[in-house]
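Structure below is start-v7.cif: mmCIF, N, CA and C atoms.
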data_start
#
loop_
_atom_site.label_atom_id
_atom_site.label_comp_id
_atom_site.auth_asym_id
_atom_site.auth_seq_id
_atom_site.Cartn_x
_atom_site.Cartn_y
_atom_site.Cartn_z
N MET A 1 0.84 -1.18 0.00
CA MET A 1 0.00 0.00 0.00
C MET A 1 0.89 1.24 0.00
N TYR A 2 0.51 2.21 -0.81
CA TYR A 2 1.28 3.43 -0.91
C TYR A 2 0.57 4.56 -0.17
N ALA A 3 1.32 5.26 0.64
CA ALA A 3 0.76 6.36 1.41
C ALA A 3 0.56 7.57 0.49
N ILE A 4 -0.56 8.25 0.69
CA ILE A 4 -0.83 9.49 -0.04
C ILE A 4 0.09 10.56 0.54
N PRO A 5 0.84 11.28 -0.30
CA PRO A 5 1.67 12.37 0.24
C PRO A 5 0.80 13.35 1.03
N ARG A 6 1.32 13.79 2.14
CA ARG A 6 0.57 14.66 3.06
C ARG A 6 0.02 15.90 2.37
N SER A 7 0.84 16.55 1.56
CA SER A 7 0.39 17.77 0.90
C SER A 7 -0.75 17.48 -0.08
N ALA A 8 -0.67 16.38 -0.82
CA ALA A 8 -1.74 16.02 -1.75
C ALA A 8 -3.03 15.72 -0.99
N LEU A 9 -2.92 15.04 0.14
CA LEU A 9 -4.09 14.72 0.94
C LEU A 9 -4.73 15.98 1.50
N ILE A 10 -3.93 16.87 2.07
CA ILE A 10 -4.46 18.10 2.67
C ILE A 10 -5.11 18.97 1.60
N LEU A 11 -4.45 19.14 0.47
CA LEU A 11 -5.02 19.98 -0.59
C LEU A 11 -6.26 19.33 -1.20
N GLY A 12 -6.24 18.02 -1.34
CA GLY A 12 -7.42 17.32 -1.85
C GLY A 12 -8.60 17.48 -0.93
N LEU A 13 -8.37 17.33 0.37
CA LEU A 13 -9.45 17.51 1.34
C LEU A 13 -9.93 18.96 1.38
N ALA A 14 -9.01 19.91 1.28
CA ALA A 14 -9.40 21.32 1.25
C ALA A 14 -10.28 21.60 0.03
N GLY A 15 -10.01 20.92 -1.06
CA GLY A 15 -10.81 21.10 -2.27
C GLY A 15 -12.24 20.61 -2.13
N LEU A 16 -12.52 19.89 -1.06
CA LEU A 16 -13.88 19.42 -0.80
C LEU A 16 -14.75 20.48 -0.14
N LEU A 17 -14.15 21.51 0.41
CA LEU A 17 -14.89 22.50 1.20
C LEU A 17 -16.10 23.10 0.48
N PRO A 18 -15.99 23.52 -0.79
CA PRO A 18 -17.20 24.06 -1.45
C PRO A 18 -18.32 23.02 -1.59
N PHE A 19 -17.97 21.76 -1.81
CA PHE A 19 -18.98 20.72 -1.89
C PHE A 19 -19.66 20.53 -0.53
N LEU A 20 -18.86 20.46 0.51
CA LEU A 20 -19.40 20.24 1.86
C LEU A 20 -20.21 21.44 2.34
N TRP A 21 -19.71 22.65 2.07
CA TRP A 21 -20.44 23.86 2.43
C TRP A 21 -21.79 23.90 1.71
N GLY A 22 -21.78 23.60 0.43
CA GLY A 22 -23.03 23.58 -0.33
C GLY A 22 -24.03 22.59 0.25
N ALA A 23 -23.57 21.40 0.58
CA ALA A 23 -24.46 20.38 1.17
C ALA A 23 -25.01 20.87 2.50
N LEU A 24 -24.16 21.47 3.30
CA LEU A 24 -24.59 21.97 4.61
C LEU A 24 -25.65 23.05 4.46
N THR A 25 -25.50 23.93 3.47
CA THR A 25 -26.48 25.00 3.28
C THR A 25 -27.78 24.49 2.67
N VAL A 26 -27.74 23.33 2.03
CA VAL A 26 -28.98 22.69 1.56
C VAL A 26 -29.69 22.04 2.73
N LEU A 27 -28.94 21.36 3.57
CA LEU A 27 -29.52 20.64 4.70
C LEU A 27 -29.97 21.56 5.82
N ARG A 28 -29.34 22.71 5.94
CA ARG A 28 -29.66 23.68 6.99
C ARG A 28 -30.06 25.00 6.33
N PRO A 29 -31.33 25.16 5.97
CA PRO A 29 -31.78 26.36 5.24
C PRO A 29 -31.41 27.68 5.93
N GLU A 30 -31.40 27.69 7.26
CA GLU A 30 -31.03 28.93 7.96
C GLU A 30 -29.58 29.31 7.67
N LEU A 31 -28.72 28.32 7.53
CA LEU A 31 -27.33 28.57 7.17
C LEU A 31 -27.25 29.08 5.72
N GLY A 32 -28.09 28.51 4.86
CA GLY A 32 -28.17 28.99 3.49
C GLY A 32 -28.59 30.44 3.41
N LEU A 33 -29.57 30.83 4.24
CA LEU A 33 -30.00 32.23 4.27
C LEU A 33 -28.89 33.14 4.77
N TRP A 34 -28.17 32.67 5.79
CA TRP A 34 -27.03 33.45 6.29
C TRP A 34 -26.00 33.64 5.18
N GLY A 35 -25.71 32.54 4.47
CA GLY A 35 -24.74 32.61 3.39
C GLY A 35 -25.17 33.54 2.27
N GLN A 36 -26.46 33.49 1.91
CA GLN A 36 -26.96 34.40 0.87
C GLN A 36 -26.76 35.85 1.28
N THR A 37 -27.04 36.14 2.53
CA THR A 37 -26.93 37.51 3.03
C THR A 37 -25.48 37.98 3.10
N HIS A 38 -24.58 37.11 3.54
CA HIS A 38 -23.21 37.54 3.83
C HIS A 38 -22.20 37.27 2.71
N ILE A 39 -22.41 36.24 1.91
CA ILE A 39 -21.42 35.96 0.86
C ILE A 39 -22.02 35.85 -0.53
N GLY A 40 -23.34 35.86 -0.62
CA GLY A 40 -24.00 35.86 -1.92
C GLY A 40 -24.63 34.53 -2.27
N SER A 41 -25.70 34.59 -3.03
CA SER A 41 -26.46 33.38 -3.34
C SER A 41 -25.69 32.39 -4.22
N ARG A 42 -24.73 32.87 -4.95
CA ARG A 42 -23.92 31.97 -5.79
C ARG A 42 -23.04 31.04 -4.96
N PHE A 43 -22.81 31.39 -3.72
CA PHE A 43 -21.89 30.63 -2.87
C PHE A 43 -22.59 29.78 -1.82
N VAL A 44 -23.84 29.43 -2.07
CA VAL A 44 -24.56 28.55 -1.15
C VAL A 44 -25.35 27.52 -1.94
N GLY A 45 -25.78 26.50 -1.23
CA GLY A 45 -26.65 25.48 -1.79
C GLY A 45 -26.09 24.81 -3.03
N PRO A 46 -26.99 24.41 -3.90
CA PRO A 46 -26.53 23.69 -5.09
C PRO A 46 -25.71 24.58 -6.03
N TYR A 47 -25.88 25.89 -5.95
CA TYR A 47 -25.19 26.77 -6.88
C TYR A 47 -23.67 26.66 -6.73
N VAL A 48 -23.20 26.69 -5.50
CA VAL A 48 -21.75 26.59 -5.29
C VAL A 48 -21.27 25.19 -5.68
N GLN A 49 -22.04 24.18 -5.38
CA GLN A 49 -21.64 22.81 -5.70
C GLN A 49 -21.59 22.58 -7.20
N LEU A 50 -22.60 23.05 -7.92
CA LEU A 50 -22.67 22.79 -9.35
C LEU A 50 -21.60 23.55 -10.12
N PHE A 51 -21.41 24.80 -9.76
CA PHE A 51 -20.37 25.58 -10.44
C PHE A 51 -18.99 25.00 -10.13
N TYR A 52 -18.73 24.77 -8.86
CA TYR A 52 -17.43 24.24 -8.46
C TYR A 52 -17.21 22.84 -9.01
N GLY A 53 -18.26 22.03 -9.04
CA GLY A 53 -18.14 20.68 -9.61
C GLY A 53 -17.72 20.71 -11.06
N ALA A 54 -18.28 21.64 -11.83
CA ALA A 54 -17.88 21.78 -13.23
C ALA A 54 -16.42 22.22 -13.34
N VAL A 55 -16.03 23.12 -12.46
CA VAL A 55 -14.62 23.57 -12.44
C VAL A 55 -13.69 22.39 -12.13
N ILE A 56 -14.05 21.59 -11.14
CA ILE A 56 -13.19 20.48 -10.74
C ILE A 56 -13.13 19.40 -11.82
N LEU A 57 -14.24 19.09 -12.47
CA LEU A 57 -14.17 18.12 -13.57
C LEU A 57 -13.25 18.64 -14.67
N SER A 58 -13.30 19.94 -14.94
CA SER A 58 -12.41 20.52 -15.94
C SER A 58 -10.95 20.47 -15.49
N PHE A 59 -10.73 20.77 -14.23
CA PHE A 59 -9.38 20.67 -13.67
C PHE A 59 -8.84 19.24 -13.81
N MET A 60 -9.69 18.28 -13.50
CA MET A 60 -9.26 16.88 -13.57
C MET A 60 -8.98 16.46 -15.00
N SER A 61 -9.64 17.07 -15.97
CA SER A 61 -9.27 16.81 -17.37
C SER A 61 -7.81 17.19 -17.60
N GLY A 62 -7.41 18.32 -17.03
CA GLY A 62 -6.02 18.74 -17.16
C GLY A 62 -5.06 17.78 -16.48
N VAL A 63 -5.46 17.26 -15.33
CA VAL A 63 -4.62 16.28 -14.63
C VAL A 63 -4.44 15.04 -15.49
N LEU A 64 -5.54 14.55 -16.06
CA LEU A 64 -5.46 13.36 -16.92
C LEU A 64 -4.62 13.64 -18.17
N TRP A 65 -4.73 14.83 -18.72
CA TRP A 65 -3.91 15.21 -19.86
C TRP A 65 -2.43 15.11 -19.48
N GLY A 66 -2.11 15.57 -18.28
CA GLY A 66 -0.73 15.46 -17.80
C GLY A 66 -0.28 14.02 -17.70
N PHE A 67 -1.16 13.13 -17.25
CA PHE A 67 -0.81 11.71 -17.21
C PHE A 67 -0.57 11.18 -18.62
N ALA A 68 -1.40 11.62 -19.58
CA ALA A 68 -1.27 11.15 -20.96
C ALA A 68 0.08 11.54 -21.56
N THR A 69 0.67 12.64 -21.08
CA THR A 69 1.97 13.06 -21.62
C THR A 69 3.08 12.07 -21.28
N LYS A 70 2.85 11.20 -20.31
CA LYS A 70 3.84 10.21 -19.93
C LYS A 70 3.82 8.99 -20.86
N ALA A 71 2.78 8.89 -21.69
CA ALA A 71 2.64 7.75 -22.59
C ALA A 71 3.17 8.11 -23.97
N THR A 72 3.21 7.12 -24.85
CA THR A 72 3.64 7.34 -26.23
C THR A 72 2.67 6.63 -27.17
N GLY A 73 2.75 7.00 -28.43
CA GLY A 73 1.99 6.31 -29.48
C GLY A 73 0.50 6.33 -29.26
N ARG A 74 -0.12 5.19 -29.56
CA ARG A 74 -1.58 5.08 -29.45
C ARG A 74 -2.07 5.25 -28.02
N THR A 75 -1.26 4.82 -27.07
CA THR A 75 -1.66 4.98 -25.66
C THR A 75 -1.76 6.46 -25.32
N ALA A 76 -0.81 7.26 -25.79
CA ALA A 76 -0.86 8.70 -25.56
C ALA A 76 -2.07 9.32 -26.24
N THR A 77 -2.30 8.94 -27.49
CA THR A 77 -3.45 9.48 -28.23
C THR A 77 -4.75 9.15 -27.52
N ALA A 78 -4.91 7.90 -27.11
CA ALA A 78 -6.12 7.51 -26.36
C ALA A 78 -6.21 8.28 -25.05
N GLY A 79 -5.09 8.47 -24.39
CA GLY A 79 -5.08 9.23 -23.13
C GLY A 79 -5.51 10.66 -23.33
N TYR A 80 -5.04 11.30 -24.38
CA TYR A 80 -5.46 12.68 -24.65
C TYR A 80 -6.96 12.75 -24.94
N ILE A 81 -7.45 11.80 -25.72
CA ILE A 81 -8.88 11.76 -26.03
C ILE A 81 -9.70 11.57 -24.76
N LEU A 82 -9.31 10.60 -23.94
CA LEU A 82 -10.04 10.34 -22.70
C LEU A 82 -9.98 11.51 -21.73
N SER A 83 -8.86 12.23 -21.76
CA SER A 83 -8.67 13.30 -20.78
C SER A 83 -9.61 14.48 -20.98
N VAL A 84 -10.14 14.67 -22.17
CA VAL A 84 -11.03 15.81 -22.38
C VAL A 84 -12.49 15.49 -22.02
N ILE A 85 -12.80 14.23 -21.79
CA ILE A 85 -14.18 13.84 -21.51
C ILE A 85 -14.75 14.51 -20.26
N PRO A 86 -14.03 14.55 -19.12
CA PRO A 86 -14.63 15.19 -17.95
C PRO A 86 -15.00 16.67 -18.17
N ALA A 87 -14.15 17.41 -18.85
CA ALA A 87 -14.44 18.83 -19.10
C ALA A 87 -15.65 18.98 -20.03
N LEU A 88 -15.70 18.17 -21.07
CA LEU A 88 -16.84 18.23 -21.98
C LEU A 88 -18.13 17.81 -21.27
N TRP A 89 -18.04 16.80 -20.43
CA TRP A 89 -19.20 16.36 -19.66
C TRP A 89 -19.73 17.52 -18.80
N ALA A 90 -18.82 18.18 -18.10
CA ALA A 90 -19.21 19.30 -17.24
C ALA A 90 -19.87 20.41 -18.06
N PHE A 91 -19.30 20.69 -19.21
CA PHE A 91 -19.82 21.76 -20.05
C PHE A 91 -21.23 21.47 -20.55
N PHE A 92 -21.43 20.27 -21.04
CA PHE A 92 -22.71 19.93 -21.66
C PHE A 92 -23.78 19.45 -20.68
N MET A 93 -23.41 18.95 -19.52
CA MET A 93 -24.37 18.25 -18.67
C MET A 93 -24.75 18.97 -17.38
N THR A 94 -24.25 20.18 -17.17
CA THR A 94 -24.59 20.87 -15.92
C THR A 94 -25.43 22.12 -16.15
N GLY A 95 -25.99 22.29 -17.32
CA GLY A 95 -26.75 23.49 -17.62
C GLY A 95 -28.23 23.39 -17.34
N ARG A 96 -28.68 22.25 -16.91
CA ARG A 96 -30.10 22.08 -16.63
C ARG A 96 -30.39 22.48 -15.19
N GLY A 97 -31.56 22.12 -14.69
CA GLY A 97 -31.91 22.46 -13.31
C GLY A 97 -30.97 21.81 -12.32
N PRO A 98 -31.01 22.26 -11.06
CA PRO A 98 -30.06 21.78 -10.06
C PRO A 98 -30.10 20.27 -9.83
N THR A 99 -31.27 19.67 -9.82
CA THR A 99 -31.35 18.23 -9.56
C THR A 99 -30.68 17.44 -10.68
N THR A 100 -31.05 17.75 -11.93
CA THR A 100 -30.46 17.06 -13.08
C THR A 100 -28.95 17.32 -13.14
N ALA A 101 -28.56 18.55 -12.92
CA ALA A 101 -27.13 18.88 -12.96
C ALA A 101 -26.36 18.13 -11.88
N ALA A 102 -26.93 18.02 -10.69
CA ALA A 102 -26.26 17.29 -9.60
C ALA A 102 -26.14 15.81 -9.94
N ILE A 103 -27.19 15.23 -10.49
CA ILE A 103 -27.12 13.82 -10.91
C ILE A 103 -26.03 13.65 -11.96
N ASN A 104 -25.99 14.57 -12.91
CA ASN A 104 -24.97 14.48 -13.97
C ASN A 104 -23.56 14.68 -13.42
N LEU A 105 -23.43 15.51 -12.41
CA LEU A 105 -22.10 15.65 -11.78
C LEU A 105 -21.70 14.36 -11.07
N ILE A 106 -22.63 13.75 -10.38
CA ILE A 106 -22.31 12.47 -9.72
C ILE A 106 -21.87 11.45 -10.76
N VAL A 107 -22.61 11.34 -11.85
CA VAL A 107 -22.22 10.43 -12.93
C VAL A 107 -20.84 10.80 -13.47
N GLY A 108 -20.61 12.09 -13.64
CA GLY A 108 -19.31 12.55 -14.14
C GLY A 108 -18.16 12.21 -13.21
N PHE A 109 -18.37 12.35 -11.91
CA PHE A 109 -17.30 12.04 -10.97
C PHE A 109 -17.05 10.54 -10.85
N VAL A 110 -18.10 9.75 -10.97
CA VAL A 110 -17.91 8.29 -10.97
C VAL A 110 -17.18 7.86 -12.24
N ALA A 111 -17.56 8.44 -13.38
CA ALA A 111 -16.86 8.14 -14.63
C ALA A 111 -15.41 8.60 -14.56
N LEU A 112 -15.18 9.75 -13.95
CA LEU A 112 -13.81 10.24 -13.76
C LEU A 112 -13.00 9.24 -12.95
N LEU A 113 -13.60 8.67 -11.94
CA LEU A 113 -12.90 7.67 -11.13
C LEU A 113 -12.48 6.47 -11.99
N MET A 114 -13.33 6.09 -12.94
CA MET A 114 -12.96 5.00 -13.85
C MET A 114 -11.80 5.40 -14.76
N LEU A 115 -11.80 6.66 -15.19
CA LEU A 115 -10.67 7.15 -15.99
C LEU A 115 -9.40 7.20 -15.14
N ASP A 116 -9.54 7.64 -13.90
CA ASP A 116 -8.39 7.64 -12.98
C ASP A 116 -7.81 6.24 -12.88
N TRP A 117 -8.69 5.26 -12.71
CA TRP A 117 -8.25 3.87 -12.58
C TRP A 117 -7.53 3.42 -13.85
N HIS A 118 -8.06 3.80 -15.01
CA HIS A 118 -7.42 3.43 -16.28
C HIS A 118 -6.00 3.99 -16.35
N PHE A 119 -5.83 5.26 -16.07
CA PHE A 119 -4.49 5.87 -16.12
C PHE A 119 -3.58 5.26 -15.06
N TRP A 120 -4.14 4.95 -13.90
CA TRP A 120 -3.36 4.33 -12.82
C TRP A 120 -2.90 2.93 -13.23
N ARG A 121 -3.79 2.16 -13.85
CA ARG A 121 -3.43 0.79 -14.31
C ARG A 121 -2.33 0.83 -15.37
N LEU A 122 -2.29 1.90 -16.15
CA LEU A 122 -1.24 2.06 -17.15
C LEU A 122 0.06 2.59 -16.53
N GLU A 123 0.02 2.80 -15.21
CA GLU A 123 1.15 3.34 -14.44
C GLU A 123 1.54 4.75 -14.90
N LEU A 124 0.55 5.51 -15.32
CA LEU A 124 0.76 6.90 -15.69
C LEU A 124 0.45 7.83 -14.52
N ALA A 125 -0.31 7.34 -13.56
CA ALA A 125 -0.62 8.08 -12.33
C ALA A 125 0.26 7.53 -11.22
N PRO A 126 0.47 8.31 -10.16
CA PRO A 126 1.30 7.84 -9.05
C PRO A 126 0.69 6.60 -8.38
N PRO A 127 1.50 5.79 -7.73
CA PRO A 127 0.99 4.56 -7.09
C PRO A 127 -0.12 4.82 -6.06
N TRP A 128 -0.09 5.94 -5.39
CA TRP A 128 -1.06 6.26 -4.34
C TRP A 128 -2.33 6.91 -4.89
N TRP A 129 -2.39 7.17 -6.17
CA TRP A 129 -3.45 7.95 -6.80
C TRP A 129 -4.86 7.45 -6.48
N MET A 130 -5.09 6.16 -6.62
CA MET A 130 -6.44 5.65 -6.43
C MET A 130 -6.90 5.74 -4.98
N HIS A 131 -6.00 5.65 -4.05
CA HIS A 131 -6.38 5.82 -2.64
C HIS A 131 -6.96 7.22 -2.41
N LEU A 132 -6.32 8.21 -2.98
CA LEU A 132 -6.79 9.58 -2.86
C LEU A 132 -8.09 9.79 -3.64
N ARG A 133 -8.12 9.32 -4.86
CA ARG A 133 -9.27 9.58 -5.73
C ARG A 133 -10.55 8.90 -5.24
N VAL A 134 -10.45 7.69 -4.71
CA VAL A 134 -11.64 7.02 -4.17
C VAL A 134 -12.19 7.82 -2.99
N LEU A 135 -11.33 8.24 -2.10
CA LEU A 135 -11.75 9.02 -0.94
C LEU A 135 -12.45 10.31 -1.37
N LEU A 136 -11.80 11.07 -2.23
CA LEU A 136 -12.36 12.36 -2.65
C LEU A 136 -13.65 12.19 -3.44
N THR A 137 -13.69 11.21 -4.33
CA THR A 137 -14.89 10.98 -5.14
C THR A 137 -16.07 10.58 -4.26
N ALA A 138 -15.84 9.73 -3.28
CA ALA A 138 -16.92 9.31 -2.39
C ALA A 138 -17.51 10.52 -1.66
N ILE A 139 -16.66 11.39 -1.16
CA ILE A 139 -17.14 12.55 -0.41
C ILE A 139 -17.86 13.53 -1.34
N VAL A 140 -17.33 13.74 -2.53
CA VAL A 140 -18.00 14.63 -3.50
C VAL A 140 -19.39 14.10 -3.82
N CYS A 141 -19.49 12.82 -4.15
CA CYS A 141 -20.78 12.24 -4.53
C CYS A 141 -21.78 12.28 -3.36
N LEU A 142 -21.31 11.98 -2.18
CA LEU A 142 -22.20 12.06 -1.01
C LEU A 142 -22.66 13.49 -0.75
N SER A 143 -21.78 14.46 -0.98
CA SER A 143 -22.15 15.84 -0.72
C SER A 143 -23.16 16.36 -1.74
N LEU A 144 -23.21 15.76 -2.90
CA LEU A 144 -24.18 16.17 -3.92
C LEU A 144 -25.56 15.55 -3.72
N LEU A 145 -25.63 14.50 -2.92
CA LEU A 145 -26.91 13.81 -2.72
C LEU A 145 -28.03 14.69 -2.15
N PRO A 146 -27.75 15.60 -1.22
CA PRO A 146 -28.86 16.43 -0.72
C PRO A 146 -29.54 17.27 -1.81
N VAL A 147 -28.85 17.58 -2.88
CA VAL A 147 -29.46 18.32 -3.98
C VAL A 147 -30.38 17.40 -4.78
N VAL A 148 -30.02 16.13 -4.85
CA VAL A 148 -30.77 15.15 -5.64
C VAL A 148 -32.02 14.69 -4.91
N ILE A 149 -31.92 14.56 -3.61
CA ILE A 149 -33.02 13.99 -2.81
C ILE A 149 -34.10 15.03 -2.53
#
Translate the structure of the given file into structure tokens.
Amino acid sequence: MYAIPRSALILGLAGLLPFLWGALTVLRPELGLWGQTHIGSRFVGPYVQLFYGAVILSFMSGVLWGFATKATGRTATAGYILSVIPALWAFFMTGRGPTTAAINLIVGFVALLMLDWHFWRLELAPPWWMHLRVLLTAIVCLSLLPVVI
């Protein structure tokens, strides 16, 4: 078993804050009202989660692109093609209402996890990669559930 580097773990967990904050403001409407008043409606409830989720899927496309640069030939070409899928998914699938967009983000993050696994199996991702990605993906998907339910 490979340990996740401390800095990657801390930054990965910090990246969950907008998802967790959004879920909390959905589950606690009074907190959502406080957030609307003090930081703006874009930064509470499903709005922060959906916007940030699209940003993160796009960011992860860049990460996968970086993994693809370690490959050559057809493997590299396939890696580049696969790496743009999360960003395109976010672009095309999050423009509907909050419930549909949240469901599509959950699907996108689960699919991203499969892409992570593919790059990891090709040894293009670090050995500890899947330990981090499973943890982060589980928390992201759970935090989106209050929007869906």
### Query
Among region 15-137 of chain A, which residues carry a DSSP assignment of helix (DSSP H, G or I), reported as JSON, numbers by chain?
{"A": [17, 18, 19, 20, 21, 22, 23, 24, 25, 26, 27, 29, 30, 31, 32, 33, 34, 35, 36, 37, 38, 41, 42, 43, 45, 46, 47, 48, 49, 50, 51, 52, 53, 54, 55, 56, 57, 58, 59, 60, 61, 62, 63, 64, 65, 66, 67, 68, 73, 74, 75, 76, 77, 78, 79, 80, 81, 82, 83, 85, 86, 87, 88, 89, 90, 91, 92, 93, 98, 99, 100, 101, 102, 103, 104, 105, 106, 107, 108, 109, 110, 111, 112, 113, 114, 115, 116, 117, 118, 119, 120, 121, 129, 130, 131, 132, 133, 134, 135, 136, 137]}
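Between atom N of Tyr47 (chain A) and atom N of Leu88 (chain A) lies a distance of 19.8 Å.
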#### Entry: Atom-to-atom span, atom N of Trp65 (chain A) and CA of Gly79 (chain A), Å
7.1 Å
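Using all atoms listed in the file, the contacts of Gly12 (chain A) at a cut-off of 8 Å, with sequence neighbours closer than 6 positions omitted, comprise Arg6, Leu132 and Leu136 of chain A.
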Region 53-69 of chain A, all listed atoms, 3 Å padding on each side: what axis-aligned box centre and edge lengths in Å to one decimal come out, as AutoDock Vina command-line options?
--center_x -7.6 --center_y 17.4 --center_z -15.3 --size_x 27.4 --size_y 18.4 --size_z 18.6
### Task
Give me the residues within 9 Å of Ser83 (chain A) as a PyMOL selection string, counting only C-alpha atoms and dropping any in the same chain fewer than 5 places off.
chain A and resi 60-68+78+115
### Message
One decimal, in Å: what's the spacing between atom C of Trp128 (chain A) and atom C of Ile4 (chain A)?
### Response
7.0 Å
### Task
Using the chain letters and numbering of this document, enumerate as a ChimeraX atom specification the residues selected by the PyMOL selection byres (((chain A and resi 49-57 and name CA) around 8) and name CA).
/A:18-19,22-23,44-48,58-61,86-87,90-91,94,98,101-102,105,108-109,112,144
Generate the output file for the selected residues, N, CA and C atoms, as a short mmCIF file (atom, residue, chain, number, x, y, z; two decimals), in the coordinates of the input.
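In the end it all went to part_6.cif:
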data_model
loop_
_atom_site.label_atom_id
_atom_site.label_comp_id
_atom_site.auth_asym_id
_atom_site.auth_seq_id
_atom_site.Cartn_x
_atom_site.Cartn_y
_atom_site.Cartn_z
N PRO A 18 -15.99 23.52 -0.79
CA PRO A 18 -17.20 24.06 -1.45
C PRO A 18 -18.32 23.02 -1.59
N PHE A 19 -17.97 21.76 -1.81
CA PHE A 19 -18.98 20.72 -1.89
C PHE A 19 -19.66 20.53 -0.53
N GLY A 22 -21.78 23.60 0.43
CA GLY A 22 -23.03 23.58 -0.33
C GLY A 22 -24.03 22.59 0.25
N ALA A 23 -23.57 21.40 0.58
CA ALA A 23 -24.46 20.38 1.17
C ALA A 23 -25.01 20.87 2.50
N VAL A 44 -23.84 29.43 -2.07
CA VAL A 44 -24.56 28.55 -1.15
C VAL A 44 -25.35 27.52 -1.94
N GLY A 45 -25.78 26.50 -1.23
CA GLY A 45 -26.65 25.48 -1.79
C GLY A 45 -26.09 24.81 -3.03
N PRO A 46 -26.99 24.41 -3.90
CA PRO A 46 -26.53 23.69 -5.09
C PRO A 46 -25.71 24.58 -6.03
N TYR A 47 -25.88 25.89 -5.95
CA TYR A 47 -25.19 26.77 -6.88
C TYR A 47 -23.67 26.66 -6.73
N VAL A 48 -23.20 26.69 -5.50
CA VAL A 48 -21.75 26.59 -5.29
C VAL A 48 -21.27 25.19 -5.68
N SER A 58 -13.30 19.94 -14.94
CA SER A 58 -12.41 20.52 -15.94
C SER A 58 -10.95 20.47 -15.49
N PHE A 59 -10.73 20.77 -14.23
CA PHE A 59 -9.38 20.67 -13.67
C PHE A 59 -8.84 19.24 -13.81
N MET A 60 -9.69 18.28 -13.50
CA MET A 60 -9.26 16.88 -13.57
C MET A 60 -8.98 16.46 -15.00
N SER A 61 -9.64 17.07 -15.97
CA SER A 61 -9.27 16.81 -17.37
C SER A 61 -7.81 17.19 -17.60
N PRO A 86 -14.03 14.55 -19.12
CA PRO A 86 -14.63 15.19 -17.95
C PRO A 86 -15.00 16.67 -18.17
N ALA A 87 -14.15 17.41 -18.85
CA ALA A 87 -14.44 18.83 -19.10
C ALA A 87 -15.65 18.98 -20.03
N ALA A 90 -18.82 18.18 -18.10
CA ALA A 90 -19.21 19.30 -17.24
C ALA A 90 -19.87 20.41 -18.06
N PHE A 91 -19.30 20.69 -19.21
CA PHE A 91 -19.82 21.76 -20.05
C PHE A 91 -21.23 21.47 -20.55
N THR A 94 -24.25 20.18 -17.17
CA THR A 94 -24.59 20.87 -15.92
C THR A 94 -25.43 22.12 -16.15
N PRO A 98 -31.01 22.26 -11.06
CA PRO A 98 -30.06 21.78 -10.06
C PRO A 98 -30.10 20.27 -9.83
N ALA A 101 -28.56 18.55 -12.92
CA ALA A 101 -27.13 18.88 -12.96
C ALA A 101 -26.36 18.13 -11.88
N ALA A 102 -26.93 18.02 -10.69
CA ALA A 102 -26.26 17.29 -9.60
C ALA A 102 -26.14 15.81 -9.94
N LEU A 105 -23.43 15.51 -12.41
CA LEU A 105 -22.10 15.65 -11.78
C LEU A 105 -21.70 14.36 -11.07
N GLY A 108 -20.61 12.09 -13.64
CA GLY A 108 -19.31 12.55 -14.14
C GLY A 108 -18.16 12.21 -13.21
N PHE A 109 -18.37 12.35 -11.91
CA PHE A 109 -17.30 12.04 -10.97
C PHE A 109 -17.05 10.54 -10.85
N LEU A 112 -15.18 9.75 -13.95
CA LEU A 112 -13.81 10.24 -13.76
C LEU A 112 -13.00 9.24 -12.95
N LEU A 144 -23.21 15.76 -2.90
CA LEU A 144 -24.18 16.17 -3.92
C LEU A 144 -25.56 15.55 -3.72
#
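Counting all atoms listed in the file and comparing A:Ile103, A:Leu122, A:Ala8, A:Val110, the residue that lies closest to Leu145 (chain A) is A:Ile103.
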### Task
Report as a list in words the residues that result from applying the PyMOL selection byres (((chain A and resi 124 and name CA) around 8) and name CA) to the structure here.
Phe67, Ala68, Lys70, Ala71, Phe119, Trp120, Arg121, Leu122, Glu123, Ala125 and Pro126 of chain A
